[in-house]
Structure formats: C-alpha cells, structure tokens
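Here is the structure we will look at.
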Amino acid sequence: MKKIGFIGLGVMGQPMALNLLNKYKALYVYTRTEKKAEKLLEKGATWCQTIPDLAKKCDVIITIVGLHTDVQDVYLGKNGLINSCHPNTILIDMTTSSPTLAKEIYDKALEKNIHVLDAPVSGGDIGAQNATLSIMVGGDQKVFNDCKEILDTMGKNVVYQGPSGSGQHTKMVNQIVIAGNMIGVVEAMVYAKQANLDINKVLKSITSGAAGSWQLQYNAPKIIEKDYTPGFFIKHFIKDIHLAQDEARNVALDLPGLDLVESLYASLMENGYGNLGTQALIKYYEDDEI
C-alpha cells in the first residue's frame, strides 16, 4: 500500500487529511504549526518535523497550503518537495494556485522522475468534512488513474481535466462563477430586506428554483444568522481572484464583472475583514447586516 503524506492542515486540509486517515489508517503529516496536527496525531497520524523528513517516508504527498508563494516554497524551495522526494513519488497539489506555476512545478519534477498533479478543490469546509468536494485535476492521465482512489476519499466529483495546469485553469473558472454568484446572492438579500420581505421565506421560494446555487443554499442562511465563520477566507478568495485576473490578462481577456467583485472584497480587506468568510460581502452593503 502506498504511504501517503499530507502538508497543510488548515480549514480545508485538516478534514481532508482526517478522511484519508480514517480510510487508510496511516498518514504522515507536516504543517508549520504542530498544534494544528494534534487532532490527527491523536487518531494515529505520524508527525514529521520537516518537509524532507516527510518526503523520505512517502510515495504520495498531498498539499493544500495558503498562498501562491507557499506553493512555491513547499515545492521549489531549497528543502522543498522537488529537491527532497525520491524518484516516482507522486505529488498532488490541491491548493488553488497559478496554472503557470503548476506547469513550472510539473516540468521541474519530471526532470527528476517525480510526477505532479494539480488538483484544486471546490466545496468549502462542508465539502472537505463530508468528503464531497469537487476535485478538478490536471497532469498525466496515467498518474491520475493511479491516484483516483485516493482522490475519491476526499471528493465525490473527481474529474480529469487534461494536461498539467488544466486543473488550476478549471478552478479559475470555478472562482469566476462564485464571484458573480456571491454578489448576486448578497444584492438579492439586501433588496429583499428593503422590500420588507421575510428573508427566510424568500430563500424557501428561490433556493430550489432557477436562482438556486450552492452559495444561496449554504451562505445565505449564514448571512441571516450573522455567522461569518470562514468556510473560505476573504483573504484567500481575493488571492484566487487575483490569480484569475492575471491569467486573463495573459490572454488579453477583459473580465469586468470579476474586477468589480475584486474591488468590493478589497474594500472589506482594507477594513480588517480578511479573516471572515466570503459571505461577509454583505458588510460592504450594510454593516448592520440583514
């Protein structure tokens, strides 16, 4: 059986790693703060002090870290995975990152006979906990086939998208859709309030109709409850929007809707809301909320 390693135990990573541990009964883990690994260690995971330490022990290593720069460090740094893994190791980056960086990592890994998949996810903390994530995968088809069972342990909609970078490009598409959806949900709820409607009744009517969406089903109720716990941080969503904007500029594509949503979230960041969930976009419109 392949020995699996996991790097990054944040809001998404921890439940994903737990699902792997529950199935495979063994997991090697590393994160910058060991305290974040306590729950997994209590359940039998093995702590590794460094990335090279983990790399020496594992055949498959999964990463889901915070930022584009974190991906660079974890993969391309002096003590990163590309410089630490043995040949034929499979690396699966599930961070939302740059398609350009994904291709760079793939090419450098291939020089050392290391195989890389870019496999970002969608579904938030709920999807991570319930192993119902949508996972979009780029890389070599054979490597994807070899890892499909592992990916199925974390998600229910695992789709091979094409060559290296294709998973990240698909995630950019996903984030563009979410950006437009989120602003639509929030503006609709502000309108409903101003029209003196019962918001809960409104949601009952529209959630299962043509306006229905994941954001409406899961984030609109949080807005009503004034629950801004991050299933996905504003600061991380802005990072994703910037990645999509950069990739669009690379092909001379103008995305004015995405630019508008970015400006609203940037305003929230400037006001100290970066660690709230994306549903806190409502605060741009009404800081006394719904």
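Following the order of the structure tokens, chains are lettered A, B, ..., residues in each are numbered from 1, and ligands are numbered from 1.
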(request) For region 150-156 of chain A, please output as number ranges by chain all residues within 7 Å (counting only C-alpha atoms; exclusion window: fewer than 5 positions along the same chain). (result) A: 16, 19-20, 128, 131-135
Written selection (C-alpha atoms) as a compact mmCIF listing (two decimals), in the first residue's frame:
# COMPACT_ATOMS: atom_id res chain seq x y z
CA MET A 16 -9.39 16.18 4.12
CA ASN A 19 -10.83 11.39 5.77
CA LEU A 20 -7.63 9.88 4.39
CA ALA A 128 -13.99 18.83 2.99
CA ALA A 131 -15.70 14.14 1.55
CA THR A 132 -17.98 15.62 -1.11
CA LEU A 133 -15.50 18.01 -2.70
CA SER A 134 -15.39 18.68 -6.41
CA ILE A 135 -11.80 17.95 -7.46
(message) I'd like the neighbourhood of region 185-197 of chain A as a ChimeraX atom specification, where a residue qualifies if any of its atoms comes within 12 Å (using only C-alpha atoms), though same-chain residues fewer than 3 positions away should be ignored.
(response) /A:178-182,200-203,205-207,211-224,261,264,278-290
(request) Find, counting only C-alpha atoms, the residue in A:Gly167, A:Gly44, A:Pro15, A:Gly209 that gets nearest to Leu117 (chain A). (result)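 Closest to Leu117 (chain A) of all the choices is A:Gly167.
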(message) Quick one: residues within 10 Å of Ala102 (chain A), only C-alpha atoms, excluding same-chain residues fewer than 5 positions away - as a PyMOL selection string?
(response) chain A and resi 71-72+93+96-97+107+116-119+138-139+164-169
Give me a file of those residues, with N, CA and C atoms, as a JSON list (two decimals), in the first residue's frame.
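The result, written out as selection_22.json:
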[["chain", "number", "residue", "atom", "x", "y", "z"],
["A", 71, "VAL", "N", 3.04, 27.67, -2.09],
["A", 71, "VAL", "CA", 3.21, 26.56, -3.04],
["A", 71, "VAL", "C", 4.63, 26.57, -3.59],
["A", 72, "GLN", "N", 5.11, 27.76, -3.95],
["A", 72, "GLN", "CA", 6.49, 27.87, -4.45],
["A", 72, "GLN", "C", 7.49, 27.34, -3.43],
["A", 93, "ASP", "N", -0.96, 18.66, -5.70],
["A", 93, "ASP", "CA", -1.20, 19.97, -5.09],
["A", 93, "ASP", "C", -2.67, 20.33, -5.22],
["A", 96, "THR", "N", -5.43, 26.12, -4.42],
["A", 96, "THR", "CA", -5.76, 26.93, -5.59],
["A", 96, "THR", "C", -4.57, 27.83, -5.87],
["A", 97, "SER", "N", -3.95, 27.62, -7.02],
["A", 97, "SER", "CA", -2.71, 28.32, -7.34],
["A", 97, "SER", "C", -2.72, 28.70, -8.81],
["A", 107, "ASP", "N", 7.07, 20.50, -14.81],
["A", 107, "ASP", "CA", 8.25, 20.35, -15.67],
["A", 107, "ASP", "C", 9.51, 20.06, -14.84],
["A", 116, "VAL", "N", 3.58, 14.98, -10.90],
["A", 116, "VAL", "CA", 2.79, 16.01, -10.22],
["A", 116, "VAL", "C", 1.41, 16.14, -10.86],
["A", 117, "LEU", "N", 0.40, 16.20, -10.01],
["A", 117, "LEU", "CA", -0.96, 16.55, -10.43],
["A", 117, "LEU", "C", -1.34, 17.88, -9.77],
["A", 118, "ASP", "N", -1.97, 18.77, -10.53],
["A", 118, "ASP", "CA", -2.60, 19.93, -9.92],
["A", 118, "ASP", "C", -4.09, 19.58, -9.78],
["A", 119, "ALA", "N", -4.57, 19.64, -8.53],
["A", 119, "ALA", "CA", -5.91, 19.12, -8.24],
["A", 119, "ALA", "C", -6.65, 20.00, -7.24],
["A", 138, "GLY", "N", -5.38, 18.23, -13.20],
["A", 138, "GLY", "CA", -4.52, 18.34, -14.38],
["A", 138, "GLY", "C", -3.26, 17.52, -14.18],
["A", 139, "GLY", "N", -2.68, 17.05, -15.28],
["A", 139, "GLY", "CA", -1.47, 16.23, -15.21],
["A", 139, "GLY", "C", -1.57, 15.06, -16.16],
["A", 164, "SER", "N", -1.08, 19.13, -17.49],
["A", 164, "SER", "CA", -0.67, 19.95, -16.35],
["A", 164, "SER", "C", -1.16, 21.39, -16.50],
["A", 165, "GLY", "N", -1.72, 21.92, -15.41],
["A", 165, "GLY", "CA", -2.28, 23.27, -15.40],
["A", 165, "GLY", "C", -3.77, 23.30, -15.65],
["A", 166, "SER", "N", -4.32, 22.22, -16.22],
["A", 166, "SER", "CA", -5.75, 22.21, -16.56],
["A", 166, "SER", "C", -6.64, 22.23, -15.31],
["A", 167, "GLY", "N", -6.17, 21.58, -14.24],
["A", 167, "GLY", "CA", -6.94, 21.62, -13.00],
["A", 167, "GLY", "C", -7.03, 23.03, -12.46],
["A", 168, "GLN", "N", -5.90, 23.75, -12.47],
["A", 168, "GLN", "CA", -5.89, 25.12, -11.97],
["A", 168, "GLN", "C", -6.70, 26.05, -12.87],
["A", 169, "HIS", "N", -6.63, 25.85, -14.17],
["A", 169, "HIS", "CA", -7.45, 26.67, -15.07],
["A", 169, "HIS", "C", -8.94, 26.44, -14.78]]
(request) Determine, counting only C-alpha atoms, which protein, DNA and RNA residues have an atom within 8 Å of an atom of Ile4 (chain A); residues of the same chain fewer than 5 positions away are not included. Present the result as a VMD selection string. (result) chain A and resid 26 to 28 58 to 62
(message) When you count only C-alpha atoms, which of these residues is closest to Ile90 (chain A): A:Ile114, A:Met269, A:Ile238, A:Leu67?
(response) A:Ile114
(message) Need the shell around Thr50 (chain A): protein/DNA/RNA residues with any atom at most 9 Å away, counting only C-alpha atoms. Skip same-chain ones fewer than 3 positions apart. Format as an MDAnalysis selection string?
(response) chainID A and resid 30:32 53:55 79
Take the residues just selected and output them with C-alpha atoms as a short mmCIF file (atom, residue, chain, number, x, y, z; two decimals), in the first residue's frame.
data_model
loop_
_atom_site.label_atom_id
_atom_site.label_comp_id
_atom_site.auth_asym_id
_atom_site.auth_seq_id
_atom_site.Cartn_x
_atom_site.Cartn_y
_atom_site.Cartn_z
CA TYR A 30 3.55 18.17 8.30
CA THR A 31 2.43 21.73 8.89
CA ARG A 32 4.28 24.81 10.08
CA ASP A 53 11.54 14.11 6.57
CA LEU A 54 8.02 13.56 5.23
CA ALA A 55 9.25 13.25 1.63
CA ASN A 79 14.16 22.00 1.22
#
(message) I need the residues in region 48-280 of chain A that are strand (DSSP E) according to DSSP; give them as a ChimeraX atom specification.
(response) /A:60-63,90-93,115-118,121-122,133-138,155-162
Next, dump the selected residues to file, keeping only N, CA and C atoms, as a PDB file, in the first residue's frame.
ATOM      1  N   VAL A  60       3.138   9.030  -1.998  1.00  0.00           N
ATOM      2  CA  VAL A  60       2.180  10.023  -2.495  1.00  0.00           C
ATOM      3  C   VAL A  60       2.111  11.139  -1.463  1.00  0.00           C
ATOM      4  N   ILE A  61       2.259  12.376  -1.903  1.00  0.00           N
ATOM      5  CA  ILE A  61       2.208  13.515  -0.986  1.00  0.00           C
ATOM      6  C   ILE A  61       1.187  14.519  -1.501  1.00  0.00           C
ATOM      7  N   ILE A  62       0.263  14.881  -0.624  1.00  0.00           N
ATOM      8  CA  ILE A  62      -0.804  15.824  -0.945  1.00  0.00           C
ATOM      9  C   ILE A  62      -0.524  17.137  -0.227  1.00  0.00           C
ATOM     10  N   THR A  63      -0.696  18.246  -0.924  1.00  0.00           N
ATOM     11  CA  THR A  63      -0.504  19.553  -0.308  1.00  0.00           C
ATOM     12  C   THR A  63      -1.740  20.418  -0.511  1.00  0.00           C
ATOM     13  N   ILE A  90       4.610  10.582  -6.240  1.00  0.00           N
ATOM     14  CA  ILE A  90       3.501  11.332  -6.838  1.00  0.00           C
ATOM     15  C   ILE A  90       3.140  12.475  -5.906  1.00  0.00           C
ATOM     16  N   LEU A  91       3.122  13.690  -6.428  1.00  0.00           N
ATOM     17  CA  LEU A  91       2.769  14.886  -5.667  1.00  0.00           C
ATOM     18  C   LEU A  91       1.447  15.429  -6.190  1.00  0.00           C
ATOM     19  N   ILE A  92       0.542  15.732  -5.274  1.00  0.00           N
ATOM     20  CA  ILE A  92      -0.781  16.236  -5.652  1.00  0.00           C
ATOM     21  C   ILE A  92      -1.012  17.561  -4.940  1.00  0.00           C
ATOM     22  N   ASP A  93      -0.963  18.662  -5.696  1.00  0.00           N
ATOM     23  CA  ASP A  93      -1.198  19.966  -5.089  1.00  0.00           C
ATOM     24  C   ASP A  93      -2.673  20.331  -5.219  1.00  0.00           C
ATOM     25  N   HIS A 115       6.300  12.803 -10.291  1.00  0.00           N
ATOM     26  CA  HIS A 115       5.056  13.057 -11.014  1.00  0.00           C
ATOM     27  C   HIS A 115       4.155  13.998 -10.213  1.00  0.00           C
ATOM     28  N   VAL A 116       3.583  14.983 -10.904  1.00  0.00           N
ATOM     29  CA  VAL A 116       2.786  16.007 -10.223  1.00  0.00           C
ATOM     30  C   VAL A 116       1.412  16.145 -10.861  1.00  0.00           C
ATOM     31  N   LEU A 117       0.397  16.202 -10.008  1.00  0.00           N
ATOM     32  CA  LEU A 117      -0.958  16.551 -10.426  1.00  0.00           C
ATOM     33  C   LEU A 117      -1.339  17.878  -9.775  1.00  0.00           C
ATOM     34  N   ASP A 118      -1.968  18.768 -10.530  1.00  0.00           N
ATOM     35  CA  ASP A 118      -2.605  19.933  -9.921  1.00  0.00           C
ATOM     36  C   ASP A 118      -4.086  19.584  -9.776  1.00  0.00           C
ATOM     37  N   VAL A 121      -9.639  22.150  -5.362  1.00  0.00           N
ATOM     38  CA  VAL A 121     -10.941  21.647  -4.938  1.00  0.00           C
ATOM     39  C   VAL A 121     -11.951  22.776  -4.804  1.00  0.00           C
ATOM     40  N   SER A 122     -13.225  22.398  -4.801  1.00  0.00           N
ATOM     41  CA  SER A 122     -14.311  23.331  -4.526  1.00  0.00           C
ATOM     42  C   SER A 122     -15.343  22.605  -3.667  1.00  0.00           C
ATOM     43  N   LEU A 133     -16.128  16.954  -1.906  1.00  0.00           N
ATOM     44  CA  LEU A 133     -15.503  18.007  -2.700  1.00  0.00           C
ATOM     45  C   LEU A 133     -15.577  17.717  -4.193  1.00  0.00           C
ATOM     46  N   SER A 134     -15.612  18.782  -4.969  1.00  0.00           N
ATOM     47  CA  SER A 134     -15.386  18.678  -6.407  1.00  0.00           C
ATOM     48  C   SER A 134     -13.890  18.875  -6.616  1.00  0.00           C
ATOM     49  N   ILE A 135     -13.252  17.912  -7.274  1.00  0.00           N
ATOM     50  CA  ILE A 135     -11.802  17.946  -7.464  1.00  0.00           C
ATOM     51  C   ILE A 135     -11.511  17.958  -8.956  1.00  0.00           C
ATOM     52  N   MET A 136     -10.799  18.996  -9.400  1.00  0.00           N
ATOM     53  CA  MET A 136     -10.517  19.180 -10.824  1.00  0.00           C
ATOM     54  C   MET A 136      -9.023  18.973 -11.053  1.00  0.00           C
ATOM     55  N   VAL A 137      -8.670  18.027 -11.925  1.00  0.00           N
ATOM     56  CA  VAL A 137      -7.296  17.514 -11.939  1.00  0.00           C
ATOM     57  C   VAL A 137      -6.608  17.719 -13.287  1.00  0.00           C
ATOM     58  N   GLY A 138      -5.376  18.232 -13.200  1.00  0.00           N
ATOM     59  CA  GLY A 138      -4.522  18.345 -14.376  1.00  0.00           C
ATOM     60  C   GLY A 138      -3.260  17.524 -14.185  1.00  0.00           C
ATOM     61  N   GLY A 155     -13.344  13.443  -2.198  1.00  0.00           N
ATOM     62  CA  GLY A 155     -14.367  14.111  -3.005  1.00  0.00           C
ATOM     63  C   GLY A 155     -15.291  13.136  -3.690  1.00  0.00           C
ATOM     64  N   LYS A 156     -16.411  13.650  -4.170  1.00  0.00           N
ATOM     65  CA  LYS A 156     -17.362  12.786  -4.872  1.00  0.00           C
ATOM     66  C   LYS A 156     -17.462  13.135  -6.354  1.00  0.00           C
ATOM     67  N   ASN A 157     -16.862  14.256  -6.746  1.00  0.00           N
ATOM     68  CA  ASN A 157     -16.903  14.665  -8.146  1.00  0.00           C
ATOM     69  C   ASN A 157     -15.465  14.936  -8.585  1.00  0.00           C
ATOM     70  N   VAL A 158     -14.777  13.856  -8.942  1.00  0.00           N
ATOM     71  CA  VAL A 158     -13.353  13.928  -9.291  1.00  0.00           C
ATOM     72  C   VAL A 158     -13.242  13.791 -10.805  1.00  0.00           C
ATOM     73  N   VAL A 159     -12.773  14.868 -11.458  1.00  0.00           N
ATOM     74  CA  VAL A 159     -12.774  14.898 -12.924  1.00  0.00           C
ATOM     75  C   VAL A 159     -11.377  15.224 -13.452  1.00  0.00           C
ATOM     76  N   TYR A 160     -10.885  14.376 -14.340  1.00  0.00           N
ATOM     77  CA  TYR A 160      -9.618  14.649 -15.021  1.00  0.00           C
ATOM     78  C   TYR A 160      -9.873  15.680 -16.116  1.00  0.00           C
ATOM     79  N   GLN A 161      -9.161  16.815 -16.048  1.00  0.00           N
ATOM     80  CA  GLN A 161      -9.421  17.928 -16.965  1.00  0.00           C
ATOM     81  C   GLN A 161      -8.466  17.984 -18.154  1.00  0.00           C
ATOM     82  N   GLY A 162      -7.265  17.380 -18.014  1.00  0.00           N
ATOM     83  CA  GLY A 162      -6.313  17.435 -19.118  1.00  0.00           C
ATOM     84  C   GLY A 162      -4.892  17.597 -18.622  1.00  0.00           C
TER      85      GLY A 162
END
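The two atoms in question, CA of Leu18 (chain A) and CA of Thr229 (chain A), are spaced 20.6 Å apart.
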